[in-house]
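Peer 1: This one is work29.cif, mmCIF, C-alpha atoms.
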```
data_start
loop_
_atom_site.group_PDB
_atom_site.id
_atom_site.type_symbol
_atom_site.label_atom_id
_atom_site.label_comp_id
_atom_site.auth_asym_id
_atom_site.auth_seq_id
_atom_site.Cartn_x
_atom_site.Cartn_y
_atom_site.Cartn_z
ATOM 1 C CA MET A 1472 -36.300 -6.030 -88.020
ATOM 2 C CA THR A 1473 -34.435 -3.346 -86.127
ATOM 3 C CA VAL A 1474 -35.299 -0.873 -83.394
ATOM 4 C CA LEU A 1475 -34.152 2.491 -84.730
ATOM 5 C CA ASN A 1476 -32.856 5.441 -82.699
ATOM 6 C CA MET A 1477 -35.457 7.977 -81.648
ATOM 7 C CA ARG A 1478 -34.812 11.652 -82.368
ATOM 8 C CA TYR A 1479 -35.690 14.056 -79.574
ATOM 9 C CA PHE A 1480 -36.862 17.648 -79.228
ATOM 10 C CA GLY A 1481 -34.121 19.971 -80.398
ATOM 11 C CA ASP A 1482 -33.040 17.738 -83.290
ATOM 12 C CA PRO A 1483 -33.506 19.763 -86.514
ATOM 13 C CA VAL A 1484 -34.957 16.755 -88.359
ATOM 14 C CA LEU A 1485 -38.129 17.106 -86.268
ATOM 15 C CA LYS A 1486 -38.704 20.567 -87.761
ATOM 16 C CA THR A 1487 -38.013 19.357 -91.321
ATOM 17 C CA VAL A 1488 -40.813 18.844 -93.823
ATOM 18 C CA ALA A 1489 -40.558 15.262 -95.091
ATOM 19 C CA ASP A 1490 -40.250 14.510 -98.797
ATOM 20 C CA PRO A 1491 -42.931 12.492 -100.605
ATOM 21 C CA VAL A 1492 -42.002 8.904 -101.360
ATOM 22 C CA LYS A 1493 -41.550 8.583 -105.123
ATOM 23 C CA PRO A 1494 -43.929 6.163 -106.880
ATOM 24 C CA GLU A 1495 -41.080 3.843 -107.873
ATOM 25 C CA GLN A 1496 -39.939 3.645 -104.214
ATOM 26 C CA ILE A 1497 -43.315 2.812 -102.650
ATOM 27 C CA GLN A 1498 -43.135 -0.954 -103.181
ATOM 28 C CA ASP A 1499 -39.373 -1.448 -102.997
ATOM 29 C CA ALA A 1500 -37.602 -3.601 -100.411
ATOM 30 C CA GLY A 1501 -36.053 -0.576 -98.690
ATOM 31 C CA THR A 1502 -39.429 1.039 -98.040
ATOM 32 C CA ARG A 1503 -40.888 -2.279 -96.836
ATOM 33 C CA ARG A 1504 -37.949 -2.710 -94.427
ATOM 34 C CA LEU A 1505 -38.343 0.874 -93.185
ATOM 35 C CA VAL A 1506 -42.052 0.303 -92.418
ATOM 36 C CA GLU A 1507 -41.241 -2.928 -90.546
ATOM 37 C CA ASP A 1508 -38.460 -1.221 -88.573
ATOM 38 C CA MET A 1509 -40.720 1.735 -87.769
ATOM 39 C CA LEU A 1510 -43.418 -0.587 -86.408
ATOM 40 C CA GLU A 1511 -40.851 -2.378 -84.240
ATOM 41 C CA THR A 1512 -39.433 0.959 -83.067
ATOM 42 C CA MET A 1513 -42.911 2.286 -82.209
ATOM 43 C CA ASP A 1514 -43.623 -0.878 -80.229
ATOM 44 C CA HIS A 1515 -40.266 -0.692 -78.441
ATOM 45 C CA TYR A 1516 -40.915 2.874 -77.285
ATOM 46 C CA GLY A 1517 -44.574 2.188 -76.419
ATOM 47 C CA GLY A 1518 -46.200 4.562 -78.887
ATOM 48 C CA VAL A 1519 -49.433 4.534 -80.860
ATOM 49 C CA GLY A 1520 -47.824 6.253 -83.847
ATOM 50 C CA LEU A 1521 -44.428 7.094 -85.300
ATOM 51 C CA ALA A 1522 -43.458 9.347 -88.207
ATOM 52 C CA ALA A 1523 -40.317 8.680 -90.249
ATOM 53 C CA ASN A 1524 -38.625 11.932 -89.260
ATOM 54 C CA GLN A 1525 -38.809 10.850 -85.612
ATOM 55 C CA ILE A 1526 -36.137 8.304 -86.514
ATOM 56 C CA GLY A 1527 -34.211 10.755 -88.696
ATOM 57 C CA ILE A 1528 -35.651 9.873 -92.104
ATOM 58 C CA THR A 1529 -37.380 12.657 -93.993
ATOM 59 C CA ARG A 1530 -39.799 10.537 -96.009
ATOM 60 C CA ARG A 1531 -43.588 10.886 -95.791
ATOM 61 C CA ILE A 1532 -44.401 7.663 -93.951
ATOM 62 C CA PHE A 1533 -46.037 7.010 -90.614
ATOM 63 C CA VAL A 1534 -47.008 3.870 -88.737
ATOM 64 C CA PHE A 1535 -49.763 3.431 -86.161
ATOM 65 C CA ASP A 1536 -51.318 1.051 -83.665
ATOM 66 C CA CYS A 1537 -54.498 2.603 -82.257
ATOM 67 C CA ASP A 1538 -57.040 0.448 -80.458
ATOM 68 C CA GLY A 1539 -56.104 -2.641 -82.484
ATOM 69 C CA ASP A 1540 -55.955 -0.760 -85.798
ATOM 70 C CA ARG A 1541 -52.335 -1.323 -86.874
ATOM 71 C CA GLY A 1542 -50.659 -0.312 -90.100
ATOM 72 C CA HIS A 1543 -48.865 2.375 -92.028
ATOM 73 C CA VAL A 1544 -49.501 5.071 -94.610
ATOM 74 C CA ILE A 1545 -47.124 6.382 -97.250
ATOM 75 C CA ASN A 1546 -47.628 9.936 -98.539
ATOM 76 C CA PRO A 1547 -50.553 10.550 -96.171
ATOM 77 C CA THR A 1548 -53.002 13.398 -96.480
ATOM 78 C CA TRP A 1549 -56.070 14.085 -94.407
ATOM 79 C CA GLU A 1550 -59.025 16.410 -94.304
ATOM 80 C CA ALA A 1551 -61.521 17.054 -91.534
ATOM 81 C CA VAL A 1552 -64.961 15.515 -91.984
ATOM 82 C CA GLY A 1553 -67.445 17.870 -90.366
ATOM 83 C CA GLU A 1554 -66.710 20.548 -87.819
ATOM 84 C CA GLU A 1555 -66.744 18.498 -84.623
ATOM 85 C CA THR A 1556 -63.527 18.625 -82.612
ATOM 86 C CA GLN A 1557 -62.002 16.689 -79.753
ATOM 87 C CA THR A 1558 -59.728 18.044 -77.049
ATOM 88 C CA GLY A 1559 -57.532 15.606 -75.213
ATOM 89 C CA GLY A 1560 -54.148 14.833 -73.811
ATOM 90 C CA GLU A 1561 -51.289 14.224 -76.200
ATOM 91 C CA GLY A 1562 -47.704 13.226 -75.768
ATOM 92 C CA CYS A 1563 -44.904 12.358 -78.145
ATOM 93 C CA LEU A 1564 -42.154 9.770 -78.279
ATOM 94 C CA SER A 1565 -39.772 12.555 -79.341
ATOM 95 C CA ILE A 1566 -40.658 14.646 -76.268
ATOM 96 C CA PRO A 1567 -40.743 12.055 -73.449
ATOM 97 C CA ASP A 1568 -42.890 12.647 -70.364
ATOM 98 C CA VAL A 1569 -44.385 15.902 -71.688
ATOM 99 C CA HIS A 1570 -48.142 16.045 -72.241
ATOM 100 C CA GLY A 1571 -50.743 18.670 -72.972
ATOM 101 C CA ASP A 1572 -54.280 19.208 -74.208
ATOM 102 C CA VAL A 1573 -54.605 19.565 -77.968
ATOM 103 C CA THR A 1574 -57.775 20.240 -79.959
ATOM 104 C CA ARG A 1575 -58.042 18.295 -83.191
ATOM 105 C CA ALA A 1576 -60.730 17.263 -85.670
ATOM 106 C CA GLN A 1577 -62.947 14.474 -84.326
ATOM 107 C CA ARG A 1578 -63.251 12.740 -87.712
ATOM 108 C CA VAL A 1579 -60.849 12.838 -90.639
ATOM 109 C CA ARG A 1580 -60.584 11.267 -94.053
ATOM 110 C CA LEU A 1581 -57.149 9.683 -94.467
ATOM 111 C CA ARG A 1582 -55.660 9.076 -97.899
ATOM 112 C CA GLY A 1583 -52.354 7.612 -99.010
ATOM 113 C CA VAL A 1584 -50.921 4.283 -100.086
ATOM 114 C CA THR A 1585 -49.444 1.185 -98.455
ATOM 115 C CA VAL A 1586 -46.110 -0.482 -99.180
ATOM 116 C CA ASP A 1587 -48.118 -3.061 -101.159
ATOM 117 C CA GLY A 1588 -49.384 -0.311 -103.471
ATOM 118 C CA GLU A 1589 -52.912 -0.424 -102.043
ATOM 119 C CA GLN A 1590 -54.771 2.865 -101.875
ATOM 120 C CA VAL A 1591 -55.765 4.093 -98.424
ATOM 121 C CA ASP A 1592 -59.004 6.067 -98.359
ATOM 122 C CA ARG A 1593 -60.873 5.832 -95.074
ATOM 123 C CA GLU A 1594 -62.610 7.877 -92.434
ATOM 124 C CA VAL A 1595 -61.315 7.555 -88.886
ATOM 125 C CA THR A 1596 -62.409 8.998 -85.546
ATOM 126 C CA ASP A 1597 -61.316 9.415 -81.954
ATOM 127 C CA LEU A 1598 -57.774 8.216 -81.132
ATOM 128 C CA MET A 1599 -57.027 7.167 -84.708
ATOM 129 C CA ALA A 1600 -58.080 10.602 -86.006
ATOM 130 C CA ARG A 1601 -55.839 12.226 -83.387
ATOM 131 C CA CYS A 1602 -52.959 9.934 -84.368
ATOM 132 C CA VAL A 1603 -53.339 10.727 -88.095
ATOM 133 C CA GLN A 1604 -53.226 14.469 -87.391
ATOM 134 C CA HIS A 1605 -50.333 14.194 -84.914
ATOM 135 C CA GLU A 1606 -48.161 12.021 -87.178
ATOM 136 C CA THR A 1607 -48.922 14.061 -90.290
ATOM 137 C CA ASP A 1608 -47.929 17.159 -88.317
ATOM 138 C CA HIS A 1609 -44.559 15.477 -87.710
ATOM 139 C CA LEU A 1610 -44.142 14.947 -91.439
ATOM 140 C CA ASP A 1611 -44.829 18.669 -91.889
ATOM 141 C CA GLY A 1612 -42.202 19.596 -89.274
ATOM 142 C CA VAL A 1613 -44.797 20.496 -86.613
ATOM 143 C CA LEU A 1614 -44.656 19.258 -83.008
ATOM 144 C CA PHE A 1615 -47.734 18.845 -80.820
ATOM 145 C CA ILE A 1616 -46.454 21.456 -78.357
ATOM 146 C CA GLN A 1617 -47.050 24.069 -81.052
ATOM 147 C CA HIS A 1618 -50.781 23.384 -80.622
ATOM 148 C CA LEU A 1619 -50.776 23.921 -76.851
ATOM 149 C CA SER A 1620 -52.139 26.992 -75.119
ATOM 150 C CA THR A 1621 -49.510 29.568 -74.208
ATOM 151 C CA GLU A 1622 -49.543 28.476 -70.570
ATOM 152 C CA GLN A 1623 -49.290 24.768 -71.375
ATOM 153 C CA ARG A 1624 -46.493 25.454 -73.874
ATOM 154 C CA ARG A 1625 -44.548 27.368 -71.205
ATOM 155 C CA GLU A 1626 -44.958 24.462 -68.798
ATOM 156 C CA ALA A 1627 -43.971 21.938 -71.493
ATOM 157 C CA MET A 1628 -40.825 23.915 -72.318
ATOM 158 C CA LYS A 1629 -39.925 24.067 -68.619
ATOM 159 C CA GLN A 1630 -40.344 20.277 -68.372
ATOM 160 C CA ILE A 1631 -38.185 19.797 -71.473
ATOM 161 C CA ARG A 1632 -35.382 22.039 -70.174
ATOM 162 C CA GLU A 1633 -35.371 20.160 -66.847
ATOM 163 C CA SER A 1634 -35.514 16.660 -68.343
ATOM 164 C CA GLU A 1635 -32.516 14.334 -68.295
ATOM 165 C CA TRP A 1636 -32.938 13.337 -71.945
ATOM 166 C CA PHE A 1637 -32.739 16.992 -73.034
ATOM 167 C CA LYS A 1638 -29.668 17.781 -70.935
ATOM 168 C CA GLN A 1639 -27.694 15.002 -72.640
#
```
Using structure tokens, write down the structure from this file.
Peer 2:
Amino acid sequence: MTVLNMRYFGDPVLKTVADPVKPEQIQDAGTRRLVEDMLETMDHYGGVGLAANQIGITRRIFVFDCDGDRGHVINPTWEAVGEETQTGGEGCLSIPDVHGDVTRAQRVRLRGVTVDGEQVDREVTDLMARCVQHETDHLDGVLFIQHLSTEQRREAMKQIRESEWFKQ
């Protein structure tokens, strides 16, 4: 397995909508290797989730490790279950050291497929629900800072402009 290079705020790939993985590619060796490398990369950077475009690959895949629930989803979709929301702090491996409060659905139904061809169809809550929404946003070219209040977004942009990783 390989730790892949993280893409950071300002890289156009983070604003790119990822392409669905074709059915014939879901169970191939390249997709399996990508999932393994993404899990290792997420672990290396200390995240709870990682979307493929965060490592420069515009395919609809994300990996996760939330409260002991570890895995991946290919071609994920989600829908809110109920109207209850949660507001909490979020950060992003592609925007280091920047955090803000984001309101998301409390419970979502996640659908997709695994690299073994198994269907994913489950309801998740709390941190896992937040992770599903955050990582799927990435695959749609949306960053969490777009969900911040105007004031928090201003502060986040100031932090980004002043950060060493952004100046490089």
Peer 1: Neighbourhood query: residues within 12 Å of (-43.6, 1.3, -84.4), file coordinates, counting all atoms listed in the file; return as number ranges by chain.
Peer 2: A: 1472-1477, 1505-1523, 1525-1526, 1532-1537, 1541-1543, 1564, 1606
Peer 1: Kindly indicate which residue among A:Glu1555, A:Gln1630, A:Leu1614, A:His1570 lies nearest to Asp1597 of chain A, using all atoms listed in the file for the distances.
Peer 2: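 Using all atoms listed in the file, Asp1597 of chain A sits closest to A:Glu1555.
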Peer 1: With only C-alpha atoms as the basis for distance, which of A:Ala1489, A:Val1591, A:Met1628, A:Ile1497 is at the shortest distance from His1609 of chain A?
Peer 2: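 Selected residue with least distance to His1609 of chain A: A:Ala1489.
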Peer 1: Could you write out as a list in words the residues that the PyMOL selection byres ((chain A and resi 1488) around 6) matches in the shown file?
Peer 2: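 Applying the PyMOL selection byres ((chain A and resi 1488) around 6) to the structure shown produces Thr1487, Ala1489, Leu1610, Asp1611 and Gly1612 of chain A.
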Peer 1: Evaluate the PyMOL selection byres ((chain A and resi 1615) around 12) against this structure - the residues, as a PyMOL selection string, please.
Peer 2: chain A and resi 1480+1485-1486+1559-1566+1569-1575+1601-1602+1604-1614+1616-1620+1623-1624+1627
Peer 1: Assuming the chain letters and numbering stay as they are in my file, what does the PyMOL selection byres ((chain A and resi 1590) around 12) actually select? List them as a PyMOL selection string.
Peer 2: chain A and resi 1497+1543-1548+1581-1589+1591-1593
Peer 1: I need the residue nearest Thr1502 of chain A from this list: A:Arg1580, A:Arg1478, A:Arg1531, A:Val1484. Use only C-alpha atoms for the distance.
Peer 2: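 Of the candidates, the smallest distance to Thr1502 of chain A is held by A:Arg1531.
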Peer 1: Between atom CA of Lys1629 of chain A and atom CA of Leu1598 of chain A, measure the distance and give it in Å to one decimal.
Peer 2: 27.0 Å
Peer 1: Can you work out the spacing between atom CA of Glu1633 of chain A and atom CA of Tyr1479 of chain A in Å, to one decimal?
Peer 2: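 Interatomic distance, atom CA of Glu1633 of chain A to atom CA of Tyr1479 of chain A: 14.1 Å.
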